[in-house]
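Take a look at the structure below.
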Amino acid sequence: MSAPTTTAPPKQPTKSDIAILQFAHGIELAMTALYAKASAVAGKDLKTVLDLFGGHHLAQAQSLAGLLGRSSATTQNASFYTAFVIAASSGSDTELAGTFLSLENSLVKTHLGVLGIITGTDGAQLVASIIPVQGRHAAVLAGFAGKKGLGDILDNAAKPFDTKTYPA
Amino acid sequence: MNSNNFDLNSAVNRRRFFLTGGFAIATTTLLAACGKGPQSPQGEFPRIGVVPPTTGLPDGAPTDEVLLRTATSLEFNAIDTYKKVLALGLFTGSASGTAAVVNRFKADHEAHAKALSGIITEAKGETFECANEQINKLYINPALDLILGNKDAGIAPSDTPLDDVMALALGLETLAAETYQFYVSMLSQPKLRAAAMGIGEQESRHAAVLAQAINPGIAGIGPSTNKDTGKPNPAAVPGPFGSLGSIAVSLGKKSEAGNKTTLNMETPSLNSMAYEYAKCS
């Protein structure tokens, strides 16, 4: 294996890290709003789950804001919110859960993409602590979406969200 | 002159003779003990008996290669444990469906180990394709003793082996997920961090599935506390961020007070890593 680098990676987010983390922050804020929309129309059991997971996304958005400080996104990613708000606020519980299962799977891939680019260790640690939770969200939502096969719960073939499709 | 034939006013009398002579003997003995000689080779403290020579371990640093080797070793810990668990024949009757889950998890860990070895090989490193001895010694062997019993150690077998196997599996999957998350802060290259967390995220899904199997339904999704024991119940999503804390796993035959033995698992640290000099035995 190549010789270990003698230069420690930066702790704080670099300039290029900030732009990437701002995108992630805007998406997390939009996810919080989408979960709130869905909670208003969901049945009792699913509402409990959506409220819990929406709270997690809010906490994750707040932590990203804390990391970015003045550079944090000031509003949710509007194009992302607009793209999913109808699907997130209508349909049966199974359909709602399916929508959020898909969103969570894509969000996992998005954050993995972020982790593969940013160099600052503070940002990397935070994103790394978010990814497994969103994977767990997906595993739970799969059950509510009527997916009973292990592959439906464990496999993630979703594509990540990108800044071209969802500009801030 | 007195009866001792010494003059009391003389510089040499009997008392002074003993004082001076005693001091000389003591000083000579001390110097002999501290001095260099056949009994005290240069640079060594005097010893009684034979002390075997010791050889220190080579220097090891937690490089990217070492972290990935250690992660691979943890995958083999999981593979080996699942193999042992499947061989116990516990998954029968209503638990027969669990065997399919365990087999899928085992296959996932095999795929993870292969992926990690591929990354190490691509970077011209040396793979480490066996279980982590320290993890076996500290956590897995004691856990299996508590489940299956160990006559030599005076440990009775568990009265709920299937429940305990599930609890152990949940502990191991959580340990693996935490390890990848922890190593992100130590890996130097972003692409390696992403590769590690891609695997860690799958371990988290395993943990969520197991938590739901142990504590099913809505009540088992978020965090909750067992009213009888006061300990946290297994939860599919315990919190908004992945934890790096120790993982408590309760196993074995219940005591008279109704408690099981608790094992606290922690992510492999500097004393448990698969350093470059470590070889699979």
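As shown in the structure tokens, the chain order sets the letters A, B, ...; within each chain, residues go from 1, and ligands are also counted from 1 in the order they appear.
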I want to know what sits within 9 Å of Tyr35 (chain A), based on only C-alpha atoms, with residues of the same chain fewer than 3 positions away left out; could you give that as an mmCIF file with N, CA and C atoms, in the first residue's frame?
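The resulting file, out-v1.cif, is shown below:
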data_model
loop_
_atom_site.group_PDB
_atom_site.id
_atom_site.type_symbol
_atom_site.label_atom_id
_atom_site.label_comp_id
_atom_site.auth_asym_id
_atom_site.auth_seq_id
_atom_site.Cartn_x
_atom_site.Cartn_y
_atom_site.Cartn_z
ATOM 1 N N ALA A 30 -35.019 20.258 3.482
ATOM 2 C CA ALA A 30 -36.181 19.904 2.652
ATOM 3 C C ALA A 30 -36.792 18.585 3.112
ATOM 4 N N MET A 31 -35.948 17.625 3.506
ATOM 5 C CA MET A 31 -36.455 16.337 4.002
ATOM 6 C C MET A 31 -37.292 16.542 5.267
ATOM 7 N N THR A 32 -36.844 17.434 6.118
ATOM 8 C CA THR A 32 -37.597 17.736 7.343
ATOM 9 C C THR A 32 -38.995 18.247 6.973
ATOM 10 N N ALA A 38 -45.900 14.790 5.114
ATOM 11 C CA ALA A 38 -46.386 13.411 5.093
ATOM 12 C C ALA A 38 -47.062 13.040 6.411
ATOM 13 N N SER A 39 -46.508 13.525 7.495
ATOM 14 C CA SER A 39 -47.061 13.203 8.820
ATOM 15 C C SER A 39 -48.511 13.669 8.934
ATOM 16 N N ALA A 40 -48.830 14.765 8.258
ATOM 17 C CA ALA A 40 -50.181 15.327 8.348
ATOM 18 C C ALA A 40 -51.222 14.446 7.666
ATOM 19 N N LEU A 50 -42.887 8.615 10.911
ATOM 20 C CA LEU A 50 -42.503 9.791 10.124
ATOM 21 C C LEU A 50 -42.082 10.943 11.038
ATOM 22 N N ASP A 51 -42.795 11.102 12.142
ATOM 23 C CA ASP A 51 -42.422 12.173 13.086
ATOM 24 C C ASP A 51 -41.019 11.920 13.669
ATOM 25 N N PHE A 53 -38.548 10.098 12.321
ATOM 26 C CA PHE A 53 -37.510 10.234 11.291
ATOM 27 C C PHE A 53 -37.359 11.704 10.867
ATOM 28 N N GLY A 54 -38.482 12.427 10.796
ATOM 29 C CA GLY A 54 -38.413 13.854 10.468
ATOM 30 C C GLY A 54 -37.577 14.599 11.507
ATOM 31 N N GLY A 55 -37.761 14.223 12.771
ATOM 32 C CA GLY A 55 -36.960 14.810 13.852
ATOM 33 C C GLY A 55 -35.477 14.517 13.679
ATOM 34 N N HIS A 57 -33.938 14.047 10.809
ATOM 35 C CA HIS A 57 -33.421 14.895 9.714
ATOM 36 C C HIS A 57 -33.233 16.338 10.188
ATOM 37 N N ALA A 88 -45.031 13.198 -1.408
ATOM 38 C CA ALA A 88 -44.845 13.079 0.045
ATOM 39 C C ALA A 88 -46.089 13.491 0.838
ATOM 40 N N SER A 89 -47.087 13.974 0.163
ATOM 41 C CA SER A 89 -48.268 14.424 0.922
ATOM 42 C C SER A 89 -49.568 13.843 0.375
ATOM 43 N N PHE A 100 -40.789 7.633 0.796
ATOM 44 C CA PHE A 100 -39.695 7.979 1.732
ATOM 45 C C PHE A 100 -38.593 6.917 1.737
#
Restrict the calculation to only C-alpha atoms, then for each residue of chain A with any atom at most 9 Å from an atom of chain B give the closest atom pair and their distance in Å to one decimal, rows by chain and rising residue number, as JSON lines.
{"residue": "A:Met1", "atom": "CA", "partner": "B:Gly125", "partner_atom": "CA", "distance": 3.8}
{"residue": "A:Ser2", "atom": "CA", "partner": "B:Ala123", "partner_atom": "CA", "distance": 6.4}
{"residue": "A:Ala3", "atom": "CA", "partner": "B:Thr63", "partner_atom": "CA", "distance": 8.7}
{"residue": "A:Pro4", "atom": "CA", "partner": "B:Thr63", "partner_atom": "CA", "distance": 6.3}
{"residue": "A:Thr5", "atom": "CA", "partner": "B:Ser188", "partner_atom": "CA", "distance": 7.8}
{"residue": "A:Ala8", "atom": "CA", "partner": "B:Ser188", "partner_atom": "CA", "distance": 7.5}
{"residue": "A:Pro9", "atom": "CA", "partner": "B:Ser188", "partner_atom": "CA", "distance": 6.5}
{"residue": "A:Asp45", "atom": "CA", "partner": "B:Ile218", "partner_atom": "CA", "distance": 6.9}
{"residue": "A:Leu46", "atom": "CA", "partner": "B:Ile218", "partner_atom": "CA", "distance": 8.8}
{"residue": "A:Thr48", "atom": "CA", "partner": "B:Ile218", "partner_atom": "CA", "distance": 8.0}
{"residue": "A:Val49", "atom": "CA", "partner": "B:Ile218", "partner_atom": "CA", "distance": 7.6}
{"residue": "A:Leu52", "atom": "CA", "partner": "B:Gly222", "partner_atom": "CA", "distance": 7.4}
{"residue": "A:Phe53", "atom": "CA", "partner": "B:Pro240", "partner_atom": "CA", "distance": 7.9}
{"residue": "A:Gly55", "atom": "CA", "partner": "B:Pro240", "partner_atom": "CA", "distance": 7.8}
{"residue": "A:His56", "atom": "CA", "partner": "B:Pro240", "partner_atom": "CA", "distance": 4.4}
{"residue": "A:His57", "atom": "CA", "partner": "B:Pro240", "partner_atom": "CA", "distance": 7.3}
{"residue": "A:Leu58", "atom": "CA", "partner": "B:Pro240", "partner_atom": "CA", "distance": 8.9}
{"residue": "A:Ala59", "atom": "CA", "partner": "B:Pro240", "partner_atom": "CA", "distance": 6.6}
{"residue": "A:Gln60", "atom": "CA", "partner": "B:Pro240", "partner_atom": "CA", "distance": 6.9}
{"residue": "A:Val108", "atom": "CA", "partner": "B:Glu201", "partner_atom": "CA", "distance": 8.3}
{"residue": "A:Lys109", "atom": "CA", "partner": "B:Gly198", "partner_atom": "CA", "distance": 8.4}
{"residue": "A:His111", "atom": "CA", "partner": "B:Ala194", "partner_atom": "CA", "distance": 8.8}
{"residue": "A:Leu112", "atom": "CA", "partner": "B:Ala194", "partner_atom": "CA", "distance": 5.4}
{"residue": "A:Gly113", "atom": "CA", "partner": "B:Ala194", "partner_atom": "CA", "distance": 7.1}
{"residue": "A:Val114", "atom": "CA", "partner": "B:Ala194", "partner_atom": "CA", "distance": 8.2}
{"residue": "A:Leu115", "atom": "CA", "partner": "B:Ala194", "partner_atom": "CA", "distance": 5.3}
{"residue": "A:Gly116", "atom": "CA", "partner": "B:Lys191", "partner_atom": "CA", "distance": 4.5}
{"residue": "A:Ile117", "atom": "CA", "partner": "B:Pro190", "partner_atom": "CA", "distance": 5.7}
{"residue": "A:Ile118", "atom": "CA", "partner": "B:Pro190", "partner_atom": "CA", "distance": 6.4}
{"residue": "A:Thr119", "atom": "CA", "partner": "B:Pro190", "partner_atom": "CA", "distance": 6.1}
{"residue": "A:Thr121", "atom": "CA", "partner": "B:Ser185", "partner_atom": "CA", "distance": 6.0}
{"residue": "A:Asp122", "atom": "CA", "partner": "B:Ser185", "partner_atom": "CA", "distance": 8.0}
{"residue": "A:Ala124", "atom": "CA", "partner": "B:Val184", "partner_atom": "CA", "distance": 6.9}
{"residue": "A:Gln125", "atom": "CA", "partner": "B:Ser185", "partner_atom": "CA", "distance": 5.9}
{"residue": "A:Leu126", "atom": "CA", "partner": "B:Phe241", "partner_atom": "CA", "distance": 8.4}
{"residue": "A:Ala128", "atom": "CA", "partner": "B:Gln181", "partner_atom": "CA", "distance": 5.7}
{"residue": "A:Ser129", "atom": "CA", "partner": "B:Gly242", "partner_atom": "CA", "distance": 4.6}
{"residue": "A:Ile130", "atom": "CA", "partner": "B:Phe241", "partner_atom": "CA", "distance": 5.3}
{"residue": "A:Ile131", "atom": "CA", "partner": "B:Glu201", "partner_atom": "CA", "distance": 6.4}
{"residue": "A:Pro132", "atom": "CA", "partner": "B:Glu201", "partner_atom": "CA", "distance": 4.5}
{"residue": "A:Val133", "atom": "CA", "partner": "B:Phe241", "partner_atom": "CA", "distance": 6.0}
{"residue": "A:Gln134", "atom": "CA", "partner": "B:Glu201", "partner_atom": "CA", "distance": 8.4}
{"residue": "A:Gly135", "atom": "CA", "partner": "B:Glu201", "partner_atom": "CA", "distance": 5.9}
{"residue": "A:Arg136", "atom": "CA", "partner": "B:Arg205", "partner_atom": "CA", "distance": 5.2}
{"residue": "A:His137", "atom": "CA", "partner": "B:Val237", "partner_atom": "CA", "distance": 6.9}
{"residue": "A:Ala138", "atom": "CA", "partner": "B:Arg205", "partner_atom": "CA", "distance": 8.1}
{"residue": "A:Ala139", "atom": "CA", "partner": "B:Arg205", "partner_atom": "CA", "distance": 5.9}
{"residue": "A:Val140", "atom": "CA", "partner": "B:Ala236", "partner_atom": "CA", "distance": 7.3}
{"residue": "A:Leu150", "atom": "CA", "partner": "B:Val101", "partner_atom": "CA", "distance": 7.5}
{"residue": "A:Ile153", "atom": "CA", "partner": "B:Arg205", "partner_atom": "CA", "distance": 7.7}
{"residue": "A:Leu154", "atom": "CA", "partner": "B:Arg205", "partner_atom": "CA", "distance": 6.2}
{"residue": "A:Asp155", "atom": "CA", "partner": "B:Gln202", "partner_atom": "CA", "distance": 8.1}
Any chance you could export the current selection's N, CA and C atoms as a short mmCIF file (atom, residue, chain, number, x, y, z; two decimals), in the first residue's frame?
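Contents of again_6.cif, freshly written:
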data_model
loop_
_atom_site.label_atom_id
_atom_site.label_comp_id
_atom_site.auth_asym_id
_atom_site.auth_seq_id
_atom_site.Cartn_x
_atom_site.Cartn_y
_atom_site.Cartn_z
N MET A 1 0.86 -1.19 0.00
CA MET A 1 0.00 0.00 0.00
C MET A 1 0.89 1.24 0.00
N SER A 2 0.41 2.30 -0.58
CA SER A 2 1.22 3.51 -0.68
C SER A 2 1.63 4.01 0.70
N ALA A 3 2.76 4.68 0.75
CA ALA A 3 3.27 5.17 2.03
C ALA A 3 2.29 6.17 2.63
N PRO A 4 2.11 6.13 3.96
CA PRO A 4 1.16 7.05 4.57
C PRO A 4 1.59 8.50 4.37
N THR A 5 0.59 9.34 4.14
CA THR A 5 0.90 10.74 3.93
C THR A 5 1.37 11.37 5.24
N ALA A 8 -1.48 15.80 7.65
CA ALA A 8 -2.78 15.44 8.22
C ALA A 8 -3.88 16.14 7.44
N PRO A 9 -5.02 15.45 7.23
CA PRO A 9 -6.12 16.12 6.53
C PRO A 9 -6.64 17.29 7.37
N ASP A 45 -49.84 4.70 12.89
CA ASP A 45 -48.52 4.06 13.06
C ASP A 45 -47.45 4.73 12.20
N LEU A 46 -47.80 4.97 10.94
CA LEU A 46 -46.81 5.58 10.04
C LEU A 46 -46.48 6.99 10.49
N THR A 48 -46.29 8.08 13.52
CA THR A 48 -45.31 7.97 14.60
C THR A 48 -43.89 7.84 14.04
N VAL A 49 -43.78 6.99 13.03
CA VAL A 49 -42.47 6.75 12.40
C VAL A 49 -41.99 8.00 11.66
N LEU A 52 -40.76 10.65 14.00
CA LEU A 52 -39.44 10.29 14.56
C LEU A 52 -38.34 10.57 13.54
N PHE A 53 -38.55 10.10 12.32
CA PHE A 53 -37.51 10.23 11.29
C PHE A 53 -37.36 11.70 10.87
N GLY A 55 -37.76 14.22 12.77
CA GLY A 55 -36.96 14.81 13.85
C GLY A 55 -35.48 14.52 13.68
N HIS A 56 -35.17 13.30 13.20
CA HIS A 56 -33.76 12.95 12.96
C HIS A 56 -33.17 13.84 11.87
N HIS A 57 -33.94 14.05 10.81
CA HIS A 57 -33.42 14.89 9.71
C HIS A 57 -33.23 16.34 10.19
N LEU A 58 -34.12 16.79 11.06
CA LEU A 58 -33.97 18.14 11.60
C LEU A 58 -32.68 18.24 12.42
N ALA A 59 -32.45 17.23 13.27
CA ALA A 59 -31.21 17.22 14.07
C ALA A 59 -29.98 17.18 13.18
N GLN A 60 -30.06 16.41 12.11
CA GLN A 60 -28.92 16.30 11.19
C GLN A 60 -28.70 17.64 10.46
N VAL A 108 -28.84 8.29 1.27
CA VAL A 108 -27.66 7.53 1.70
C VAL A 108 -26.58 7.62 0.62
N LYS A 109 -26.98 7.40 -0.62
CA LYS A 109 -26.02 7.46 -1.74
C LYS A 109 -25.46 8.89 -1.90
N HIS A 111 -25.04 11.17 0.50
CA HIS A 111 -24.07 11.43 1.58
C HIS A 111 -22.78 10.62 1.38
N LEU A 112 -22.91 9.42 0.83
CA LEU A 112 -21.69 8.64 0.53
C LEU A 112 -20.86 9.37 -0.52
N GLY A 113 -21.56 9.98 -1.48
CA GLY A 113 -20.86 10.79 -2.49
C GLY A 113 -20.17 11.99 -1.86
N VAL A 114 -20.87 12.63 -0.93
CA VAL A 114 -20.30 13.78 -0.22
C VAL A 114 -19.04 13.34 0.54
N LEU A 115 -19.16 12.22 1.22
CA LEU A 115 -18.05 11.70 2.03
C LEU A 115 -16.83 11.38 1.17
N GLY A 116 -17.09 10.98 -0.07
CA GLY A 116 -16.01 10.62 -0.97
C GLY A 116 -15.29 11.81 -1.58
N ILE A 117 -15.82 13.02 -1.30
CA ILE A 117 -15.20 14.22 -1.89
C ILE A 117 -14.59 15.12 -0.83
N ILE A 118 -15.32 15.35 0.25
CA ILE A 118 -14.85 16.35 1.22
C ILE A 118 -13.58 15.86 1.91
N THR A 119 -12.74 16.81 2.29
CA THR A 119 -11.46 16.44 2.90
C THR A 119 -11.41 16.73 4.40
N THR A 121 -11.98 16.64 8.24
CA THR A 121 -12.39 15.49 9.05
C THR A 121 -13.64 15.78 9.90
N ASP A 122 -13.85 17.04 10.28
CA ASP A 122 -15.06 17.36 11.06
C ASP A 122 -16.31 17.06 10.24
N ALA A 124 -16.45 15.11 7.60
CA ALA A 124 -16.50 13.68 7.28
C ALA A 124 -17.10 12.88 8.44
N GLN A 125 -16.68 13.24 9.65
CA GLN A 125 -17.22 12.52 10.82
C GLN A 125 -18.72 12.74 10.98
N LEU A 126 -19.16 13.97 10.74
CA LEU A 126 -20.58 14.25 10.87
C LEU A 126 -21.39 13.50 9.82
N ALA A 128 -20.52 10.86 8.26
CA ALA A 128 -20.42 9.42 8.55
C ALA A 128 -21.38 9.01 9.67
N SER A 129 -21.72 9.92 10.55
CA SER A 129 -22.65 9.58 11.63
C SER A 129 -24.11 9.67 11.16
N ILE A 130 -24.33 10.35 10.04
CA ILE A 130 -25.69 10.49 9.49
C ILE A 130 -26.04 9.29 8.60
N ILE A 131 -25.08 8.83 7.83
CA ILE A 131 -25.33 7.77 6.83
C ILE A 131 -25.97 6.51 7.43
N PRO A 132 -25.42 5.94 8.51
CA PRO A 132 -26.02 4.69 9.01
C PRO A 132 -27.45 4.87 9.52
N VAL A 133 -27.75 6.06 10.01
CA VAL A 133 -29.11 6.30 10.52
C VAL A 133 -30.10 6.33 9.36
N GLN A 134 -29.70 6.94 8.27
CA GLN A 134 -30.61 6.99 7.12
C GLN A 134 -30.76 5.62 6.48
N GLY A 135 -29.72 4.80 6.57
CA GLY A 135 -29.84 3.40 6.14
C GLY A 135 -30.86 2.65 7.01
N ARG A 136 -30.81 2.93 8.30
CA ARG A 136 -31.78 2.31 9.22
C ARG A 136 -33.19 2.80 8.91
N HIS A 137 -33.33 4.09 8.62
CA HIS A 137 -34.65 4.63 8.23
C HIS A 137 -35.20 3.80 7.06
N ALA A 138 -34.35 3.61 6.06
CA ALA A 138 -34.78 2.89 4.86
C ALA A 138 -35.21 1.47 5.21
N ALA A 139 -34.44 0.82 6.09
CA ALA A 139 -34.78 -0.56 6.46
C ALA A 139 -36.16 -0.63 7.12
N VAL A 140 -36.48 0.34 7.95
CA VAL A 140 -37.79 0.36 8.62
C VAL A 140 -38.89 0.70 7.61
N LEU A 150 -35.77 -9.71 1.94
CA LEU A 150 -34.55 -9.17 2.56
C LEU A 150 -33.80 -8.24 1.62
N ILE A 153 -34.99 -4.74 1.67
CA ILE A 153 -34.62 -4.01 2.88
C ILE A 153 -33.13 -3.65 2.87
N LEU A 154 -32.32 -4.59 2.41
CA LEU A 154 -30.87 -4.43 2.57
C LEU A 154 -30.16 -3.83 1.36
N ASP A 155 -30.69 -4.06 0.18
CA ASP A 155 -30.00 -3.58 -1.02
C ASP A 155 -30.41 -2.15 -1.34
#
Please return as number ranges by chain: the residues of chain A that backbone DSSP assigns to alpha helix (DSSP H).
-> A: 15-41, 44-68, 78-84, 93-115, 121-144, 150-154
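Counting only C-alpha atoms, Lys15 (chain A) has the following residues at most 10 Å away, ignoring those fewer than 3 positions along the same chain: Gln12, Ile18, Ala19, Ile20, Ser71, Ile118 and Gly120 of chain A.
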Mind checking which residues fall within 7 Å of Ala73 (chain A), counting only C-alpha atoms, ignoring those fewer than 5 positions away in the same chain, and posting them as a list in words?
-> Gln22, His25 and Gly26 of chain A
Keeping only C-alpha atoms, take the residues you just selected and write them out as a PDB file, in the first residue's frame.
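Output saved as again.pdb:
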ATOM      1  CA  GLN A  22     -24.306  23.337   1.829  1.00  0.00           C
ATOM      2  CA  HIS A  25     -27.743  20.835   4.368  1.00  0.00           C
ATOM      3  CA  GLY A  26     -30.365  22.187   1.959  1.00  0.00           C
TER       4      GLY A  26
END
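Proximity ranking of B:Ala169, B:Leu162, B:Ala113, B:Met265 relative to Ser94 (chain B) places B:Leu162 first, based on only C-alpha atoms.
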Write down as a PyMOL selection string the residues of region 85-264 of chain B whose backbone DSSP state falls under strand (DSSP E).
-> chain B and resi 247-251+261-264
Writing out the chosen residues with C-alpha atoms as a CSV table (one decimal), in the first residue's frame:
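Everything below was put into part-v8.csv:
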chain,number,residue,atom,x,y,z
B,247,ILE,CA,-22.4,-1.8,23.0
B,248,ALA,CA,-24.0,-3.7,25.9
B,249,VAL,CA,-25.1,-7.3,25.1
B,250,SER,CA,-26.9,-9.3,27.8
B,251,LEU,CA,-26.3,-13.1,27.5
B,261,THR,CA,-24.4,-11.3,32.2
B,262,THR,CA,-23.6,-8.1,30.3
B,263,LEU,CA,-20.7,-7.9,27.8
B,264,ASN,CA,-19.6,-4.5,26.8
